[in-house]
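Reproduced below: run.cif, with mmCIF, C-alpha atoms.
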```cif
data_target
#
loop_
_atom_site.label_atom_id
_atom_site.label_comp_id
_atom_site.auth_asym_id
_atom_site.auth_seq_id
_atom_site.Cartn_x
_atom_site.Cartn_y
_atom_site.Cartn_z
CA MET O 268 9.70 -4.15 -2.45
CA ALA O 269 11.41 -6.73 -4.68
CA PHE O 270 8.38 -6.70 -7.00
CA ASP O 271 8.59 -2.92 -7.31
CA TYR O 272 12.28 -3.24 -8.18
CA LEU O 273 11.44 -5.66 -10.99
CA ALA O 274 8.65 -3.36 -12.18
CA ILE O 275 11.09 -0.44 -12.35
CA LEU O 276 13.64 -2.51 -14.29
CA PHE O 277 10.91 -3.56 -16.71
CA ALA O 278 9.87 0.08 -17.21
CA GLU O 279 13.49 1.10 -17.82
CA GLU O 280 13.99 -1.64 -20.41
CA MET O 281 10.74 -0.86 -22.22
CA ALA O 282 11.50 2.87 -22.25
CA LEU O 283 14.97 2.21 -23.66
CA GLU O 284 13.60 -0.07 -26.36
CA LEU O 285 10.99 2.47 -27.42
CA HIS O 286 13.56 5.25 -27.34
CA GLU O 287 15.95 3.25 -29.52
CA ILE O 288 13.23 2.92 -32.14
CA TYR O 289 12.75 6.69 -32.03
CA GLY O 290 16.54 7.19 -32.16
CA MET O 291 16.88 5.11 -35.31
CA ILE O 292 14.25 7.26 -37.00
CA VAL O 293 15.74 10.65 -36.09
CA GLY O 294 19.39 9.54 -35.95
CA ARG O 295 20.08 10.25 -32.28
CA THR O 296 21.63 8.12 -29.55
CA PHE O 297 20.88 7.91 -25.85
CA TYR O 298 22.86 6.24 -23.11
CA VAL O 299 22.33 5.65 -19.39
CA PRO O 300 25.04 3.83 -17.37
CA PHE O 301 24.09 0.38 -16.09
CA SER O 302 24.83 1.44 -12.51
CA TYR O 303 22.05 4.00 -12.81
CA LEU O 304 19.63 1.54 -14.37
CA LEU O 305 20.27 -1.35 -12.01
CA PHE O 306 20.92 0.45 -8.74
CA TRP O 307 20.61 4.20 -8.38
CA ILE O 308 17.32 4.84 -10.17
CA PRO O 309 15.49 1.88 -8.52
CA LEU O 310 16.96 2.93 -5.15
CA VAL O 311 15.52 6.42 -5.50
CA PHE O 312 12.10 5.07 -6.47
CA ILE O 313 11.98 2.55 -3.63
CA ALA O 314 13.13 5.21 -1.15
CA PHE O 315 10.26 7.50 -2.13
CA LEU O 316 7.77 4.61 -2.11
CA TRP O 317 8.96 3.76 1.40
CA GLY O 318 8.78 7.38 2.50
CA MET O 319 5.18 7.63 1.29
CA GLN O 320 4.30 4.63 3.52
CA THR O 321 3.25 2.36 0.69
CA TYR O 322 5.06 -0.59 2.32
CA THR O 323 4.44 -0.15 6.04
CA LYS O 324 0.80 0.86 6.42
CA MET O 325 -2.57 -0.72 5.68
CA GLN O 326 -4.74 1.87 3.99
CA PRO O 327 -7.50 2.16 1.36
CA VAL O 328 -6.27 1.04 -2.04
CA LEU O 329 -7.15 4.44 -3.53
CA GLU O 330 -4.89 6.10 -0.97
CA THR O 331 -2.10 3.73 -2.00
CA VAL O 332 -2.70 4.65 -5.65
CA ARG O 333 -2.41 8.35 -4.79
CA LYS O 334 0.78 7.87 -2.78
CA ILE O 335 2.40 5.74 -5.49
CA PHE O 336 1.65 8.48 -8.04
CA TYR O 337 3.38 11.14 -5.94
CA ALA O 338 6.26 8.80 -5.08
CA VAL O 339 6.89 8.19 -8.79
CA LEU O 340 6.59 11.91 -9.54
CA TYR O 341 9.08 12.89 -6.83
CA SER O 342 11.40 10.07 -7.89
CA MET O 343 11.39 11.29 -11.49
CA ILE O 344 12.25 14.82 -10.37
CA ALA O 345 15.08 13.53 -8.17
CA CYS O 346 16.46 11.33 -10.96
CA ILE O 347 16.36 14.15 -13.51
CA LEU O 348 18.27 16.44 -11.15
CA ALA O 349 20.80 13.70 -10.41
CA LEU O 350 21.36 12.94 -14.10
CA TYR O 351 22.01 16.58 -14.90
CA PHE O 352 24.10 17.62 -11.91
CA MET O 353 26.02 14.41 -11.09
CA GLN O 354 26.98 13.60 -14.69
CA ALA O 355 26.88 16.70 -16.84
CA GLY O 356 28.03 14.82 -19.95
CA LEU O 357 25.05 12.47 -19.97
CA LEU O 358 22.78 12.93 -22.95
CA ALA O 359 19.38 13.20 -21.32
CA SER O 360 16.26 12.73 -23.37
CA ARG O 361 12.93 14.25 -22.45
CA LEU O 362 11.21 11.54 -24.44
CA TYR O 363 12.90 8.82 -22.38
CA VAL O 364 11.97 10.58 -19.15
CA VAL O 365 8.31 10.76 -20.19
CA LEU O 366 8.27 7.15 -21.40
CA PHE O 367 10.01 5.83 -18.31
CA GLY O 368 7.82 7.84 -15.92
CA CYS O 369 4.59 6.59 -17.49
CA LEU O 370 5.79 3.00 -17.78
CA ALA O 371 7.16 2.98 -14.22
CA LEU O 372 3.84 4.21 -12.85
CA LEU O 373 1.82 1.67 -14.82
CA SER O 374 4.22 -1.17 -13.99
CA ILE O 375 4.17 -0.47 -10.26
CA TYR O 376 0.38 -0.18 -10.32
CA ALA O 377 0.09 -3.52 -12.13
CA VAL O 378 2.52 -5.29 -9.80
CA ARG O 379 0.85 -3.88 -6.68
CA TYR O 380 -2.61 -4.87 -7.90
CA ILE O 381 -1.56 -8.44 -8.62
CA LEU O 382 0.31 -8.69 -5.31
CA LEU O 383 -2.55 -7.24 -3.24
CA LYS O 384 -5.04 -9.47 -5.02
CA LEU O 385 -2.89 -12.52 -4.27
CA LEU O 386 -2.36 -11.58 -0.62
CA LYS O 387 -6.08 -10.96 -0.18
CA ALA O 388 -7.08 -14.25 -1.79
CA THR O 389 -4.59 -16.32 0.21
CA HIS O 390 -5.09 -14.43 3.51
CA THR O 391 -1.36 -13.78 3.69
CA LEU O 392 0.27 -11.09 5.88
CA THR O 393 -2.97 -10.36 7.71
CA LYS O 394 -3.26 -8.24 10.84
CA PRO O 395 -5.27 -9.66 13.79
CA VAL O 396 -7.91 -7.30 15.19
CA ILE O 397 -10.66 -7.28 17.79
CA LEU O 398 -14.01 -5.64 17.09
CA ILE O 399 -15.78 -3.74 19.83
CA GLY O 400 -19.42 -3.72 18.84
CA ALA O 401 -21.42 -6.26 16.89
CA GLY O 402 -24.16 -4.28 15.21
CA LYS O 403 -24.97 -2.90 11.77
CA THR O 404 -21.95 -0.58 11.88
CA ALA O 405 -19.64 -3.54 12.42
CA GLU O 406 -21.21 -5.34 9.46
CA GLN O 407 -20.70 -2.29 7.23
CA VAL O 408 -17.09 -1.84 8.37
CA LEU O 409 -16.26 -5.49 7.72
CA HIS O 410 -17.96 -5.31 4.32
CA PHE O 411 -15.76 -2.32 3.45
CA PHE O 412 -12.60 -4.08 4.61
CA ASP O 413 -13.50 -7.22 2.65
CA GLY O 414 -14.01 -5.23 -0.56
CA ASP O 415 -10.86 -3.12 -0.30
CA LEU O 416 -7.57 -4.71 -1.39
CA GLY O 417 -5.65 -2.40 0.92
CA TYR O 418 -6.94 -4.06 4.09
CA ARG O 419 -6.14 -7.57 5.28
CA TYR O 420 -7.62 -7.67 8.76
CA GLU O 421 -8.27 -10.98 10.51
CA VAL O 422 -10.97 -10.63 13.14
CA ILE O 423 -10.12 -12.97 16.01
CA GLY O 424 -13.13 -12.01 18.12
CA ILE O 425 -15.74 -9.43 19.07
CA LEU O 426 -16.72 -7.71 22.29
CA ASP O 427 -20.31 -6.64 22.91
CA ASP O 428 -22.82 -6.69 25.75
CA HIS O 429 -25.81 -7.38 23.53
CA PRO O 430 -24.87 -8.16 19.90
CA ILE O 431 -27.47 -6.82 17.47
CA SER O 432 -26.07 -8.57 14.42
CA LYS O 433 -27.25 -12.13 13.89
CA THR O 434 -24.38 -13.09 11.60
CA LEU O 435 -21.30 -11.73 13.37
CA PRO O 436 -21.57 -13.91 16.52
CA GLN O 437 -21.82 -16.92 14.21
CA GLN O 438 -18.77 -15.90 12.17
CA PHE O 439 -16.51 -14.76 14.99
CA GLN O 440 -15.89 -15.66 18.59
CA LEU O 441 -17.80 -13.58 21.14
CA MET O 442 -14.93 -12.98 23.56
CA GLY O 443 -16.88 -11.18 26.27
CA THR O 444 -18.55 -7.95 27.29
CA LEU O 445 -17.32 -4.37 27.28
CA ALA O 446 -16.76 -4.50 31.02
CA ASP O 447 -13.99 -7.03 30.48
CA ALA O 448 -12.59 -5.35 27.37
CA LYS O 449 -9.27 -4.20 28.85
CA THR O 450 -8.48 -7.57 30.37
CA ILE O 451 -9.44 -9.52 27.26
CA ILE O 452 -7.53 -7.24 24.89
CA ARG O 453 -4.36 -7.35 26.99
CA SER O 454 -4.45 -11.12 27.36
CA SER O 455 -5.08 -11.62 23.63
CA GLY O 456 -1.88 -9.84 22.60
CA VAL O 457 -3.69 -8.05 19.77
CA ASP O 458 -2.36 -4.57 18.98
CA THR O 459 -5.25 -3.32 16.84
CA VAL O 460 -8.77 -2.77 18.15
CA ILE O 461 -11.55 -1.43 15.92
CA ILE O 462 -14.45 0.26 17.72
CA THR O 463 -17.68 -0.18 15.77
CA ALA O 464 -20.14 0.96 18.41
CA PRO O 465 -21.38 4.46 17.49
CA GLY O 466 -23.89 4.47 20.34
CA LEU O 467 -21.22 3.98 22.99
CA GLN O 468 -21.20 6.65 25.69
CA SER O 469 -18.27 9.08 25.54
CA GLU O 470 -17.03 8.19 29.04
CA ARG O 471 -17.00 4.50 28.27
CA LEU O 472 -15.39 5.14 24.91
CA GLY O 473 -12.67 7.16 26.61
CA GLN O 474 -11.99 4.32 29.02
CA LEU O 475 -11.61 1.86 26.14
CA ILE O 476 -9.26 4.14 24.22
CA SER O 477 -7.09 4.74 27.26
#
```

Re-express the file's structure as structure tokens.
Amino acid sequence: MAFDYLAILFAEEMALELHEIYGMIVGRTFYVPFSYLLFWIPLVFIAFLWGMQTYTKMQPVLETVRKIFYAVLYSMIACILALYFMQAGLLASRLYVVLFGCLALLSIYAVRYILLKLLKATHTLTKPVILIGAGKTAEQVLHFFDGDLGYRYEVIGILDDHPISKTLPQQFQLMGTLADAKTIIRSSGVDTVIITAPGLQSERLGQLIS
């Protein structure tokens, strides 16, 4: 959240600098109060980013990109309305709005990419999970999670009666069989369980989910 705030301030400053260059050429001035620049505008952006669940939810990085785009779009609309209706005397510039919107989007994208890359590389703020199933599906799921910056799952163990994969039991602890799944999951204290056993019978799957 703090990094997004800095990204928004950077976008505001860059947009103002570019607009001043344009203003010197055409002989126009543009002014936005510091309270708007330092507090109100960033607050609106962060509120929409929070509302779009870009802070609280692990999700594919492309989904995060989509949500950030709409959060910035809605924030720009809200800020434009606020600037016109809350302070009618403010000289609003369409050029500044366009510049700031584009720069804010690019700045937030850049900051998020660097932050996600850093968190992924250092295994920071990971979420512990248990895998049910140790076959080819589990290998594919883990490969997807490893390649997506939006996921930082830490597998603490797997549950399977007869693991098909040769690599997963060597990488992760085999915690037990499916018959003991409920007991093992409760005692582990893990909140997230990923079922990677497509061949599991529906009745047994229902018991695990419940």

Could the residues of range 427-471 of chain O that have an atom at most 10 Å from range 420-423 of chain O be listed as a tab-separated table, each with its closest atom pair and the distance in Å to one decimal, counting only C-alpha atoms and ordered by chain and ascending residue number?
```
residue	atom	partner	partner_atom	distance
O:Gln438	CA	O:Val422	CA	9.5
O:Phe439	CA	O:Ile423	CA	6.7
O:Gln440	CA	O:Ile423	CA	6.9
O:Leu441	CA	O:Ile423	CA	9.3
O:Met442	CA	O:Ile423	CA	9.0
O:Ser455	CA	O:Ile423	CA	9.2
O:Val457	CA	O:Ile423	CA	8.9
O:Thr459	CA	O:Tyr420	CA	9.5
O:Val460	CA	O:Val422	CA	9.6
O:Ile461	CA	O:Val422	CA	9.6
```

Applying the PyMOL selection byres ((chain O and resi 269) around 12) to the file I just gave you, which residues come out? Please list them as a list of chain:residue names.
O:Met268, O:Phe270, O:Asp271, O:Tyr272, O:Leu273, O:Ala274, O:Ile275, O:Leu276, O:Pro309, O:Leu310, O:Phe312, O:Ile313, O:Tyr322, O:Ile375, O:Val378, O:Arg379, O:Leu382

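Relative to CA of Leu416 in chain O, CA of Val328 in chain O is found at 5.9 Å.
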
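The gap separating CA of Phe277 in chain O from CA of Ile344 in chain O is 19.5 Å, in Å to one decimal.
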
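Picture a line from CA of Ile381 in chain O to CA of Met319 in chain O; it runs 20.0 Å.
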
Shell of 10 Å around range 389-403 of chain O, all atoms listed in the file, local chain residues under 2 positions omitted, as a PyMOL selection string
chain O and resi 325+383-387+405-409+418-436+439-445+448+451-452+455-467+475

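Proximity of O:Phe306, O:Phe336, O:Phe411, O:Tyr341 to Ser374 in chain O, computed with all atoms listed in the file, is greatest for O:Phe336.
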
Any chance you could work out the residue set of the PyMOL selection byres ((chain O and resi 332) around 10) here, as a PyMOL selection string?
chain O and resi 321+327-331+333-338+372+375-376+379-380

Keeping C-alpha atoms, export the residues of the selection given above as an mmCIF file, in the coordinates of the input.
```
data_model
loop_
_atom_site.group_PDB
_atom_site.id
_atom_site.type_symbol
_atom_site.label_atom_id
_atom_site.label_comp_id
_atom_site.auth_asym_id
_atom_site.auth_seq_id
_atom_site.Cartn_x
_atom_site.Cartn_y
_atom_site.Cartn_z
ATOM 1 C CA THR O 321 3.250 2.360 0.690
ATOM 2 C CA PRO O 327 -7.500 2.160 1.360
ATOM 3 C CA VAL O 328 -6.270 1.040 -2.040
ATOM 4 C CA LEU O 329 -7.150 4.440 -3.530
ATOM 5 C CA GLU O 330 -4.890 6.100 -0.970
ATOM 6 C CA THR O 331 -2.100 3.730 -2.000
ATOM 7 C CA ARG O 333 -2.410 8.350 -4.790
ATOM 8 C CA LYS O 334 0.780 7.870 -2.780
ATOM 9 C CA ILE O 335 2.400 5.740 -5.490
ATOM 10 C CA PHE O 336 1.650 8.480 -8.040
ATOM 11 C CA TYR O 337 3.380 11.140 -5.940
ATOM 12 C CA ALA O 338 6.260 8.800 -5.080
ATOM 13 C CA LEU O 372 3.840 4.210 -12.850
ATOM 14 C CA ILE O 375 4.170 -0.470 -10.260
ATOM 15 C CA TYR O 376 0.380 -0.180 -10.320
ATOM 16 C CA ARG O 379 0.850 -3.880 -6.680
ATOM 17 C CA TYR O 380 -2.610 -4.870 -7.900
#
```

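This file, queried with the PyMOL selection byres ((chain O and resi 364) around 10), gives the residues O:Glu279, O:Ala282, O:Leu283, O:His286, O:Met343, O:Ile344, O:Cys346, O:Ile347, O:Ala359, O:Ser360, O:Arg361, O:Leu362, O:Tyr363, O:Val365, O:Leu366, O:Phe367, O:Gly368, O:Cys369, O:Leu370.
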
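The shortest atom-to-atom distance to Trp317 in chain O, with all atoms listed in the file taken into account, belongs to O:Val339 out of O:Ala345, O:Ser302, O:Gln437, O:Val339.
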
Got a minute to add N, CA and C atoms to range 386-402 of chain O and dump it as a tab-separated table (two decimals), in the coordinates of the input?
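Result file rebuild09.tsv:
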```tsv
chain	number	residue	atom	x	y	z
O	386	LEU	N	-2.40	-11.58	-2.08
O	386	LEU	CA	-2.36	-11.58	-0.62
O	386	LEU	C	-3.77	-11.66	-0.03
O	387	LYS	N	-4.69	-10.95	-0.66
O	387	LYS	CA	-6.08	-10.96	-0.18
O	387	LYS	C	-6.70	-12.34	-0.35
O	388	ALA	N	-6.47	-12.95	-1.49
O	388	ALA	CA	-7.08	-14.25	-1.79
O	388	ALA	C	-6.52	-15.36	-0.91
O	389	THR	N	-5.24	-15.26	-0.57
O	389	THR	CA	-4.59	-16.32	0.21
O	389	THR	C	-4.54	-16.01	1.71
O	390	HIS	N	-5.10	-14.85	2.09
O	390	HIS	CA	-5.09	-14.43	3.51
O	390	HIS	C	-3.68	-14.42	4.08
O	391	THR	N	-2.76	-13.85	3.30
O	391	THR	CA	-1.36	-13.78	3.69
O	391	THR	C	-1.04	-12.39	4.24
O	392	LEU	N	-0.14	-12.34	5.24
O	392	LEU	CA	0.27	-11.09	5.88
O	392	LEU	C	-0.94	-10.31	6.41
O	393	THR	N	-1.80	-11.00	7.11
O	393	THR	CA	-2.97	-10.36	7.71
O	393	THR	C	-2.62	-9.77	9.07
O	394	LYS	N	-3.45	-8.85	9.53
O	394	LYS	CA	-3.26	-8.24	10.84
O	394	LYS	C	-4.43	-8.62	11.74
O	395	PRO	N	-4.17	-9.27	12.89
O	395	PRO	CA	-5.27	-9.66	13.79
O	395	PRO	C	-5.88	-8.44	14.47
O	396	VAL	N	-7.20	-8.41	14.55
O	396	VAL	CA	-7.91	-7.30	15.19
O	396	VAL	C	-9.05	-7.83	16.04
O	397	ILE	N	-9.48	-7.00	16.98
O	397	ILE	CA	-10.66	-7.28	17.79
O	397	ILE	C	-11.68	-6.19	17.51
O	398	LEU	N	-12.92	-6.60	17.30
O	398	LEU	CA	-14.01	-5.64	17.09
O	398	LEU	C	-14.73	-5.38	18.40
O	399	ILE	N	-14.94	-4.11	18.70
O	399	ILE	CA	-15.78	-3.74	19.83
O	399	ILE	C	-17.10	-3.24	19.26
O	400	GLY	N	-18.13	-4.03	19.43
O	400	GLY	CA	-19.42	-3.72	18.84
O	400	GLY	C	-19.78	-4.73	17.77
O	401	ALA	N	-20.98	-5.24	17.85
O	401	ALA	CA	-21.42	-6.26	16.89
O	401	ALA	C	-22.80	-5.92	16.36
O	402	GLY	N	-22.89	-4.72	15.77
O	402	GLY	CA	-24.16	-4.28	15.21
O	402	GLY	C	-24.05	-4.03	13.71
```
